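Trainee: The structure that follows is given in the form of structure tokens.
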Amino acid sequence: MSGLICFLSDFGLHDGYVGVVKGVILSIDPVARIVDLSHAVPPQDVRSGAFLLMASVPYFPRGTVYLAVVDPGVGGQRRAIAIETGGYRFVGPDNGLFGWALLRLVRGAELALEPDGDRLRLGEGASAVSLSRPRFWRPEVSATFHGRDVFGPVAAHLSRGVALDELGERIEAIRTLPFPRPVEVEGQTKGEILYVDRFGNLITNLEGSALPPDATIRIGDRAIAGLSPHFQQDVDLIALIGSSGLLEIAVPSGSAAARLGVAVGAIVSVSPAPSGPGPLSLEAIG
Amino acid sequence: MSGLICFLSDFGLHDGYVGVVKGVILSIDPVARIVDLSHAVPPQDVRSGAFLLMASVPYFPRGTVYLAVVDPGVGGQRRAIAIETGGYRFVGPDNGLFGWALLRLVRGAELALEPDGDRLRLGEGASAVSLSRPRFWRPEVSATFHGRDVFGPVAAHLSRGVALDELGERIEAIRTLPFPRPVEVEGQTKGEILYVDRFGNLITNLEGSALPPDATIRIGDRAIAGLSPHFQQDVDLIALIGSSGLLEIAVPSGSAAARLGVAVGAIVSVSPAPSGPGPLSLEAIG
Amino acid sequence: MSGLICFLSDFGLHDGYVGVVKGVILSIDPVARIVDLSHAVPPQDVRSGAFLLMASVPYFPRGTVYLAVVDPGVGGQRRAIAIETGGYRFVGPDNGLFGWALLRLVRGAELALEPDGDRLRLGEGASAVSLSRPRFWRPEVSATFHGRDVFGPVAAHLSRGVALDELGERIEAIRTLPFPRPVEVEGQTKGEILYVDRFGNLITNLEGSALPPDATIRIGDRAIAGLSPHFQQDVDLIALIGSSGLLEIAVPSGSAAARLGVAVGAIVSVSPAPSGPGPLSLEAIG
């Protein structure tokens, strides 16, 4: 247990909502340390929240409690949940926010996607509960701010050492967003843009380690020849393996999103170098 | 004493001003924990600062020191003050920033507004001092950055355990902004927009607990029939009791401020349901 | 040693990069306290980063580790360095980011600019190393995120008490940006705008303590007569000694940058009051 709470939300930093949640947490666990992951998730954009959790989770110490609130269904029928796996805990709405982070953490070994792809069945080594015990919440729960009234307090209790099973009843599966897997089509790998960062870098769903360095990357009507080792390139558009291990498309000292006019979901395809491996290829043909 | 400092300002997060104040605080009290409430108060907008303090104060633990710096009069004649009530301390300029939070904390019981409405007389259980002892400040005080040179150091000394009365001479009253109380006019309650949050939700001065659920809410040329239980509604404009307990007007997944073209100060009126309570009403007429 | 890490970057607060670096730091030093200086440095703007470090450094306690990452050359040939002087440590890329802060800290006494002005030779009381020992880094170092993989971990090890010389080989000089010194031309002092803050205040390279209070300050086609004591002035444009001790040009309750249409690098000149010091001057002439 680290006493560390990693906090993600779409609350923004303008209106004091984030500070109020921290006040509530520190009222319950005065020694908790709270690290902000981001509070600039676009309002109600569960997909961006799921990406940021997935991208960050290997870098926080075991014992960390993830408090994540991107919650378009607040006050409605969606469940409130807490999850534990691999020494990490997660607290938030059951709307798909945590699926990608869990899949990355356990590398698919102990979790299973259900056939329809939007439910994640928890196997050995992972457990989840539906938050149903009001004694771990604020005495009055508003209809619109469960970050303050339910999730923040539960995260603080977990940080203090309360066990997951005290918080509610076990559940077998949680919701996830379908993760867009790359597909192979006629010798090409087709992926898509998962996330656009503040610099305008386009982060794809294509694992960098699987790509040949001399591949041709296509997006829109542009083709990029080969992977660059870093951002310092004297060309207007590059492809490189980004810090998350995924293929990124970038404009050195500029915004690829603006230059190309693309957004999340745009198709990116990768094919072997046009000339192939040369002599070796001819031999193979022979 | 919690060693917790809750920090509000209009400094923004761009220029390092907030970080510098924290460096000064931690030079004086190395174990202080500092929570940011907001640093995005519009420059010199004391009213927005007063609202955010009022909205947050019940959620921080007793012992918290509020450091609040929205200070258009810095370097001029306005006093620098510290206040203590209910286990909370407040440090900042005497320009009205703290009045609404104090009124909420003590529920009017021990404080009194003076006749002209912009002075708050401190009664039993509340005390304030004018900051006049330079030994609790930085050795050199600039004309433009009292957050760094006066208020931050004083907050750190309070956090370390220095008593209020060591900081300066007692004062009897502090400045407040007049709180816009709703008024009753011909069977309607007329209030106004107090604050617009980042989502464009319009937060009014009307206590939610006093409103009949089937009331008609009017703003501009729009009428909203009844209160919604939460944001998940398939209509373009809703009224609901927000997380601060006040009536809010919202556009689900959108901005009510943009949709209606209104801002702080716009009038909101509430009247009983148009058809009245039905049979009972007829009986009453009979 | 304070266990305090002051963190500056151009990462922004949107994408979780700052949070991830903190997760890495707290994995290595679980009791480190991290204060954000700014993460809104314009992307790759080393000069703004250098200014903010210079402006903040006297306000953090000795023992502070400065982690600063504005790193257009990441993945290329620039060195990664750590510096120690006056009880402070600095970690980041060797691209000029730290030069102005060091010059301010040691007041020129023990450091020397090399003739071409972009190298700072470290003298007695200051030392620096080139980061060359991967055991203080993350096991896998990406090409694009040394804040997470190199600089953050090294800052955490310094915070834990690792000595500078364990991190790599001593180096004799680091890069700096040439600091624009004011020049004297025909009785005028000519300086320039160093930084524009979020309020639109124009911060110059002119030391306030050297200026006569009745000086005339010129920028563009505007002339300002004399220094104002603070921001509360009923005129449209003022000059004053700002919180960093430097001459600033400001519009009370407005933006001088927008009003004048100027940016970093614009020339500001100061001349004695047009009428001279009056009677005393006449006597002197007599």
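In the structure tokens, chains take the letters A, B, ... in the order shown, each chain's residues start at 1, and ligands count up from 1 in the order shown.
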List every residue of chain A that has an atom at most 8 Å from any atom of chain B, and for each one report the closest atom pair and its distance in Å to one decimal, counting only C-alpha atoms, with rows sorted by chain and then by increasing residue number, as CSV.

Mentor:
residue,atom,partner,partner_atom,distance
A:Gly12,CA,B:Arg198,CA,7.2
A:Leu13,CA,B:Ser38,CA,6.2
A:His14,CA,B:Ala40,CA,5.1
A:Asp15,CA,B:Asp197,CA,6.0
A:Gly16,CA,B:Leu37,CA,4.9
A:Tyr17,CA,B:Leu37,CA,7.8
A:Val18,CA,B:Leu37,CA,7.2
A:Gly19,CA,B:Leu37,CA,4.4
A:Val20,CA,B:Ser56,CA,5.8
A:Val21,CA,B:Tyr59,CA,7.8
A:Lys22,CA,B:Val35,CA,7.3
A:Gly23,CA,B:Phe60,CA,4.4
A:Val24,CA,B:Tyr59,CA,5.5
A:Leu26,CA,B:Pro61,CA,7.3
A:Ser27,CA,B:Pro61,CA,5.1
A:Pro30,CA,B:Ser2,CA,7.9
A:Pro43,CA,B:Phe199,CA,7.7
A:Gln44,CA,B:Ser253,CA,7.8
A:Pro72,CA,B:Gln232,CA,7.6
A:Gly73,CA,B:Gln232,CA,6.4
A:Val74,CA,B:His230,CA,7.3
A:Gly75,CA,B:His230,CA,5.5
A:Gly76,CA,B:Gln232,CA,6.9
A:Ser142,CA,B:Ser243,CA,5.7
A:Ala143,CA,B:His230,CA,5.6
A:Thr144,CA,B:Ser243,CA,5.9
A:Phe145,CA,B:Ser243,CA,5.8

Trainee: Apply DSSP to the backbone of this structure and, from segment 44-280 of chain C, keep only the residues in strand (DSSP E); write these as an MDAnalysis selection string.

Mentor: chainID C and resid 65:69 80:85 88:93 111:113 119:122 126:131 168:171 173:175 183:185 188:196 202:207 216:219 222:225 238:241 246:250 267:271

Trainee: Produce the least-squares-superposed copy of chain B, fitted on chain A over all in-order C-alpha pairs, as a CSV table (one decimal) with C-alpha atoms, in the first residue's frame.

Mentor:
chain,number,residue,atom,x,y,z
B,1,MET,CA,-0.1,0.1,0.3
B,2,SER,CA,1.5,3.4,-0.9
B,3,GLY,CA,-1.1,5.9,0.3
B,4,LEU,CA,-0.9,7.3,-3.2
B,5,ILE,CA,-4.0,8.3,-5.1
B,6,CYS,CA,-3.7,9.0,-8.8
B,7,PHE,CA,-6.7,11.3,-9.9
B,8,LEU,CA,-8.1,11.6,-13.4
B,9,SER,CA,-11.3,13.5,-14.3
B,10,ASP,CA,-13.0,15.8,-16.8
B,11,PHE,CA,-13.6,18.4,-14.1
B,12,GLY,CA,-11.2,21.0,-15.4
B,13,LEU,CA,-9.1,23.2,-13.1
B,14,HIS,CA,-11.3,26.3,-13.2
B,15,ASP,CA,-14.2,25.7,-10.9
B,16,GLY,CA,-12.7,24.2,-7.7
B,17,TYR,CA,-14.3,20.7,-8.3
B,18,VAL,CA,-10.9,19.0,-8.2
B,19,GLY,CA,-9.9,20.8,-5.1
B,20,VAL,CA,-13.2,20.0,-3.3
B,21,VAL,CA,-12.7,16.2,-4.0
B,22,LYS,CA,-9.2,16.5,-2.5
B,23,GLY,CA,-10.6,18.2,0.5
B,24,VAL,CA,-13.0,15.3,1.0
B,25,ILE,CA,-10.2,12.8,0.5
B,26,LEU,CA,-7.9,14.5,3.0
B,27,SER,CA,-10.8,14.7,5.5
B,28,ILE,CA,-10.9,10.9,5.5
B,29,ASP,CA,-7.2,10.1,5.0
B,30,PRO,CA,-5.1,13.1,6.1
B,31,VAL,CA,-1.8,11.5,5.0
B,32,ALA,CA,-2.9,10.5,1.4
B,33,ARG,CA,-0.7,11.9,-1.3
B,34,ILE,CA,-2.7,12.8,-4.4
B,35,VAL,CA,-1.2,13.1,-7.9
B,36,ASP,CA,-3.2,14.6,-10.7
B,37,LEU,CA,-3.0,12.6,-13.9
B,38,SER,CA,-5.2,14.9,-15.9
B,39,HIS,CA,-8.4,16.9,-15.3
B,40,ALA,CA,-8.5,18.1,-18.9
B,41,VAL,CA,-10.2,15.0,-20.4
B,42,PRO,CA,-12.8,16.5,-22.7
B,43,PRO,CA,-16.2,16.6,-20.9
B,44,GLN,CA,-17.7,13.1,-20.8
B,45,ASP,CA,-15.1,11.6,-23.2
B,46,VAL,CA,-14.7,8.2,-21.6
B,47,ARG,CA,-12.5,7.0,-24.5
B,48,SER,CA,-9.8,9.7,-23.8
B,49,GLY,CA,-9.9,8.9,-20.1
B,50,ALA,CA,-9.5,5.1,-20.9
B,51,PHE,CA,-6.5,5.9,-23.1
B,52,LEU,CA,-4.8,8.1,-20.4
B,53,LEU,CA,-5.3,5.5,-17.7
B,54,MET,CA,-3.9,2.8,-20.0
B,55,ALA,CA,-0.9,4.9,-20.9
B,56,SER,CA,0.0,5.8,-17.3
B,57,VAL,CA,-0.6,2.7,-15.4
B,58,PRO,CA,2.8,1.1,-15.7
B,59,TYR,CA,4.5,4.2,-14.3
B,60,PHE,CA,2.8,4.4,-10.9
B,61,PRO,CA,3.9,2.3,-8.0
B,62,ARG,CA,2.0,-0.8,-6.9
B,63,GLY,CA,-0.4,0.2,-4.1
B,64,THR,CA,-1.6,3.2,-6.1
B,65,VAL,CA,-5.3,3.9,-6.0
B,66,TYR,CA,-6.6,5.2,-9.3
B,67,LEU,CA,-9.6,7.6,-8.8
B,68,ALA,CA,-11.1,8.2,-12.3
B,69,VAL,CA,-14.2,10.2,-12.9
B,70,VAL,CA,-15.4,10.7,-16.4
B,71,ASP,CA,-19.1,10.0,-15.8
B,72,PRO,CA,-21.7,11.1,-18.3
B,73,GLY,CA,-24.1,8.7,-16.6
B,74,VAL,CA,-23.8,10.2,-13.1
B,75,GLY,CA,-27.1,10.0,-11.3
B,76,GLY,CA,-28.5,7.3,-13.7
B,77,GLN,CA,-28.3,3.5,-13.7
B,78,ARG,CA,-24.6,2.9,-14.3
B,79,ARG,CA,-22.9,1.1,-11.4
B,80,ALA,CA,-20.2,2.6,-9.2
B,81,ILE,CA,-17.3,0.1,-8.9
B,82,ALA,CA,-13.9,-0.6,-7.4
B,83,ILE,CA,-11.4,-3.0,-8.9
B,84,GLU,CA,-8.2,-4.6,-7.6
B,85,THR,CA,-5.5,-6.3,-9.6
B,86,GLY,CA,-1.7,-6.5,-9.5
B,87,GLY,CA,-1.5,-4.3,-6.4
B,88,TYR,CA,-3.4,-1.5,-8.0
B,89,ARG,CA,-6.9,-0.4,-7.1
B,90,PHE,CA,-9.4,1.6,-9.4
B,91,VAL,CA,-12.4,3.5,-8.3
B,92,GLY,CA,-15.0,5.1,-10.6
B,93,PRO,CA,-18.1,4.6,-12.8
B,94,ASP,CA,-18.6,1.3,-14.6
B,95,ASN,CA,-18.8,2.8,-18.0
B,96,GLY,CA,-15.7,1.4,-19.8
B,97,LEU,CA,-13.1,3.8,-18.3
B,98,PHE,CA,-10.9,1.1,-16.8
B,99,GLY,CA,-11.0,-1.7,-19.4
B,100,TRP,CA,-7.9,-0.7,-21.4
B,101,ALA,CA,-5.7,-0.1,-18.3
B,102,LEU,CA,-6.7,-3.6,-17.0
B,103,LEU,CA,-5.9,-5.3,-20.3
B,104,ARG,CA,-2.5,-3.7,-20.3
B,105,LEU,CA,-1.8,-4.5,-16.7
B,106,VAL,CA,-2.5,-8.2,-16.9
B,107,ARG,CA,-1.5,-8.6,-20.5
B,108,GLY,CA,-4.7,-10.6,-21.2
B,109,ALA,CA,-3.5,-13.5,-19.1
B,110,GLU,CA,-6.2,-13.5,-16.5
B,111,LEU,CA,-8.9,-11.4,-18.0
B,112,ALA,CA,-11.3,-12.3,-20.9
B,113,LEU,CA,-13.3,-10.2,-23.2
B,114,GLU,CA,-16.8,-11.5,-23.5
B,115,PRO,CA,-18.0,-12.2,-27.1
B,116,ASP,CA,-19.7,-8.9,-27.7
B,117,GLY,CA,-16.5,-7.0,-26.7
B,118,ASP,CA,-17.8,-4.5,-24.3
B,119,ARG,CA,-17.7,-6.7,-21.1
B,120,LEU,CA,-14.5,-7.7,-19.4
B,121,ARG,CA,-14.8,-10.9,-17.4
B,122,LEU,CA,-12.4,-10.8,-14.3
B,123,GLY,CA,-10.4,-14.0,-13.8
B,124,GLU,CA,-7.9,-15.1,-11.2
B,125,GLY,CA,-5.9,-12.3,-9.7
B,126,ALA,CA,-8.5,-9.6,-10.4
B,127,SER,CA,-11.6,-8.7,-8.5
B,128,ALA,CA,-14.2,-6.0,-8.5
B,129,VAL,CA,-17.1,-4.9,-6.4
B,130,SER,CA,-20.2,-2.8,-6.9
B,131,LEU,CA,-20.1,0.1,-4.5
B,132,SER,CA,-23.1,-0.4,-2.3
B,133,ARG,CA,-22.2,0.5,1.2
B,134,PRO,CA,-23.1,4.1,2.0
B,135,ARG,CA,-21.0,4.1,5.1
B,136,PHE,CA,-18.0,4.7,2.9
B,137,TRP,CA,-19.6,7.7,1.2
B,138,ARG,CA,-20.4,11.2,2.2
B,139,PRO,CA,-23.6,11.3,4.3
B,140,GLU,CA,-25.5,13.1,1.6
B,141,VAL,CA,-25.0,12.0,-2.0
B,142,SER,CA,-25.8,14.6,-4.7
B,143,ALA,CA,-27.2,13.4,-8.1
B,144,THR,CA,-24.5,15.1,-10.1
B,145,PHE,CA,-21.1,14.9,-8.2
B,146,HIS,CA,-20.3,11.4,-7.3
B,147,GLY,CA,-16.6,12.2,-7.5
B,148,ARG,CA,-17.0,14.2,-4.4
B,149,ASP,CA,-19.7,12.2,-2.7
B,150,VAL,CA,-18.9,8.5,-3.6
B,151,PHE,CA,-15.7,7.9,-5.6
B,152,GLY,CA,-13.4,10.3,-3.7
B,153,PRO,CA,-14.4,9.0,-0.3
B,154,VAL,CA,-14.1,5.4,-1.4
B,155,ALA,CA,-10.6,6.1,-2.8
B,156,ALA,CA,-9.6,7.6,0.5
B,157,HIS,CA,-10.9,4.6,2.4
B,158,LEU,CA,-8.9,2.3,0.1
B,159,SER,CA,-5.9,4.5,0.7
B,160,ARG,CA,-6.4,4.1,4.4
B,161,GLY,CA,-6.4,0.4,4.1
B,162,VAL,CA,-10.0,-0.6,3.9
B,163,ALA,CA,-10.3,-3.9,1.9
B,164,LEU,CA,-12.0,-4.0,-1.4
B,165,ASP,CA,-14.6,-6.5,-0.2
B,166,GLU,CA,-15.8,-4.2,2.5
B,167,LEU,CA,-17.0,-1.7,-0.1
B,168,GLY,CA,-19.7,-3.8,-1.8
B,169,GLU,CA,-20.7,-7.1,-3.4
B,170,ARG,CA,-18.4,-8.9,-5.8
B,171,ILE,CA,-19.2,-8.6,-9.5
B,172,GLU,CA,-17.9,-10.9,-12.2
B,173,ALA,CA,-17.4,-8.5,-15.1
B,174,ILE,CA,-17.1,-4.9,-15.8
B,175,ARG,CA,-17.8,-2.8,-18.9
B,176,THR,CA,-15.0,-1.9,-21.3
B,177,LEU,CA,-14.8,0.0,-24.5
B,178,PRO,CA,-13.9,-2.3,-27.4
B,179,PHE,CA,-10.2,-1.8,-28.1
B,180,PRO,CA,-9.7,-1.2,-31.8
B,181,ARG,CA,-7.3,-3.9,-32.8
B,182,PRO,CA,-5.2,-3.4,-36.0
B,183,VAL,CA,-6.2,-5.7,-38.9
B,184,GLU,CA,-4.2,-7.2,-41.7
B,185,VAL,CA,-5.6,-6.5,-45.2
B,186,GLU,CA,-3.7,-7.5,-48.4
B,187,GLY,CA,-0.3,-7.3,-46.8
B,188,GLN,CA,-1.0,-4.0,-45.1
B,189,THR,CA,-1.7,-3.4,-41.4
B,190,LYS,CA,-4.5,-1.1,-40.8
B,191,GLY,CA,-4.8,0.7,-37.5
B,192,GLU,CA,-6.3,4.0,-36.4
B,193,ILE,CA,-5.6,7.2,-34.3
B,194,LEU,CA,-6.3,6.5,-30.6
B,195,TYR,CA,-5.4,9.8,-29.1
B,196,VAL,CA,-4.2,13.3,-30.1
B,197,ASP,CA,-2.0,15.0,-27.6
B,198,ARG,CA,-1.6,18.7,-26.8
B,199,PHE,CA,1.3,18.9,-29.3
B,200,GLY,CA,-0.9,17.6,-32.1
B,201,ASN,CA,1.0,14.3,-32.2
B,202,LEU,CA,-1.2,11.4,-33.4
B,203,ILE,CA,-0.9,8.3,-31.3
B,204,THR,CA,-2.1,5.1,-33.0
B,205,ASN,CA,-3.1,1.6,-31.9
B,206,LEU,CA,-0.1,0.1,-33.7
B,207,GLU,CA,2.6,-1.5,-31.5
B,208,GLY,CA,5.9,0.0,-32.4
B,209,SER,CA,7.9,-3.1,-31.7
B,210,ALA,CA,6.0,-5.0,-34.4
B,211,LEU,CA,6.9,-2.5,-37.2
B,212,PRO,CA,9.8,-2.9,-39.6
B,213,PRO,CA,11.9,0.3,-39.4
B,214,ASP,CA,11.7,0.9,-43.2
B,215,ALA,CA,7.9,0.5,-43.4
B,216,THR,CA,5.8,2.9,-45.3
B,217,ILE,CA,3.2,4.6,-43.2
B,218,ARG,CA,0.1,6.1,-44.9
B,219,ILE,CA,-2.4,8.5,-43.4
B,220,GLY,CA,-4.9,10.4,-45.6
B,221,ASP,CA,-3.1,11.1,-48.9
B,222,ARG,CA,0.3,11.2,-47.3
B,223,ALA,CA,3.0,8.5,-47.2
B,224,ILE,CA,5.9,8.5,-44.8
B,225,ALA,CA,9.0,6.4,-45.6
B,226,GLY,CA,10.4,4.7,-42.6
B,227,LEU,CA,10.5,5.4,-38.8
B,228,SER,CA,12.5,8.3,-37.4
B,229,PRO,CA,14.5,7.7,-34.3
B,230,HIS,CA,13.3,11.0,-32.6
B,231,PHE,CA,11.6,14.3,-33.2
B,232,GLN,CA,14.7,16.1,-34.5
B,233,GLN,CA,14.1,15.7,-38.2
B,234,ASP,CA,14.3,18.2,-41.0
B,235,VAL,CA,11.2,17.0,-42.7
B,236,ASP,CA,7.6,18.1,-42.4
B,237,LEU,CA,6.0,14.8,-41.3
B,238,ILE,CA,7.5,11.9,-39.4
B,239,ALA,CA,6.5,8.6,-38.0
B,240,LEU,CA,8.2,7.3,-34.8
B,241,ILE,CA,7.7,4.9,-31.9
B,242,GLY,CA,6.4,7.2,-29.2
B,243,SER,CA,6.9,7.1,-25.5
B,244,SER,CA,4.0,4.8,-25.0
B,245,GLY,CA,5.5,2.2,-27.3
B,246,LEU,CA,2.9,3.0,-30.0
B,247,LEU,CA,3.4,4.3,-33.5
B,248,GLU,CA,3.0,8.1,-33.5
B,249,ILE,CA,2.8,10.5,-36.4
B,250,ALA,CA,4.2,14.0,-35.8
B,251,VAL,CA,5.3,17.3,-37.3
B,252,PRO,CA,8.6,18.3,-35.8
B,253,SER,CA,8.0,21.6,-33.9
B,254,GLY,CA,4.4,21.6,-35.2
B,255,SER,CA,1.0,19.9,-35.0
B,256,ALA,CA,0.3,16.8,-37.1
B,257,ALA,CA,-3.4,17.0,-36.3
B,258,ALA,CA,-3.6,20.5,-37.7
B,259,ARG,CA,-1.3,19.8,-40.7
B,260,LEU,CA,-3.3,16.7,-41.7
B,261,GLY,CA,-6.7,17.8,-40.5
B,262,VAL,CA,-7.3,14.4,-38.8
B,263,ALA,CA,-8.7,13.3,-35.5
B,264,VAL,CA,-9.3,10.2,-33.4
B,265,GLY,CA,-10.4,7.3,-35.5
B,266,ALA,CA,-8.6,8.3,-38.7
B,267,ILE,CA,-7.1,5.2,-40.5
B,268,VAL,CA,-3.3,4.7,-40.5
B,269,SER,CA,-1.9,1.9,-42.7
B,270,VAL,CA,1.6,0.3,-42.6
B,271,SER,CA,3.1,-1.6,-45.5
B,272,PRO,CA,6.6,-3.1,-46.1
B,273,ALA,CA,9.1,-0.8,-47.8
B,274,PRO,CA,8.0,-0.2,-51.4
B,275,SER,CA,11.2,-1.6,-52.9
B,276,GLY,CA,10.9,-4.6,-50.6
B,277,PRO,CA,14.1,-6.1,-49.2
B,278,GLY,CA,15.7,-6.1,-52.6
B,279,PRO,CA,17.9,-9.1,-53.7
B,280,LEU,CA,16.3,-11.4,-51.2
B,281,SER,CA,12.9,-10.5,-52.7
B,282,LEU,CA,14.1,-11.3,-56.2
B,283,GLU,CA,15.5,-14.6,-55.1
B,284,ALA,CA,12.2,-15.4,-53.5
B,285,ILE,CA,10.3,-14.6,-56.7
B,286,GLY,CA,12.9,-16.8,-58.6

Trainee: For the helix (DSSP H, G or I) assignment from backbone DSSP, which residues of segment 80-245 of chain B qualify? Please present them as a PyMOL selection string.

Mentor: chain B and resi 99-106+134-136+146-160+164-166+208-210
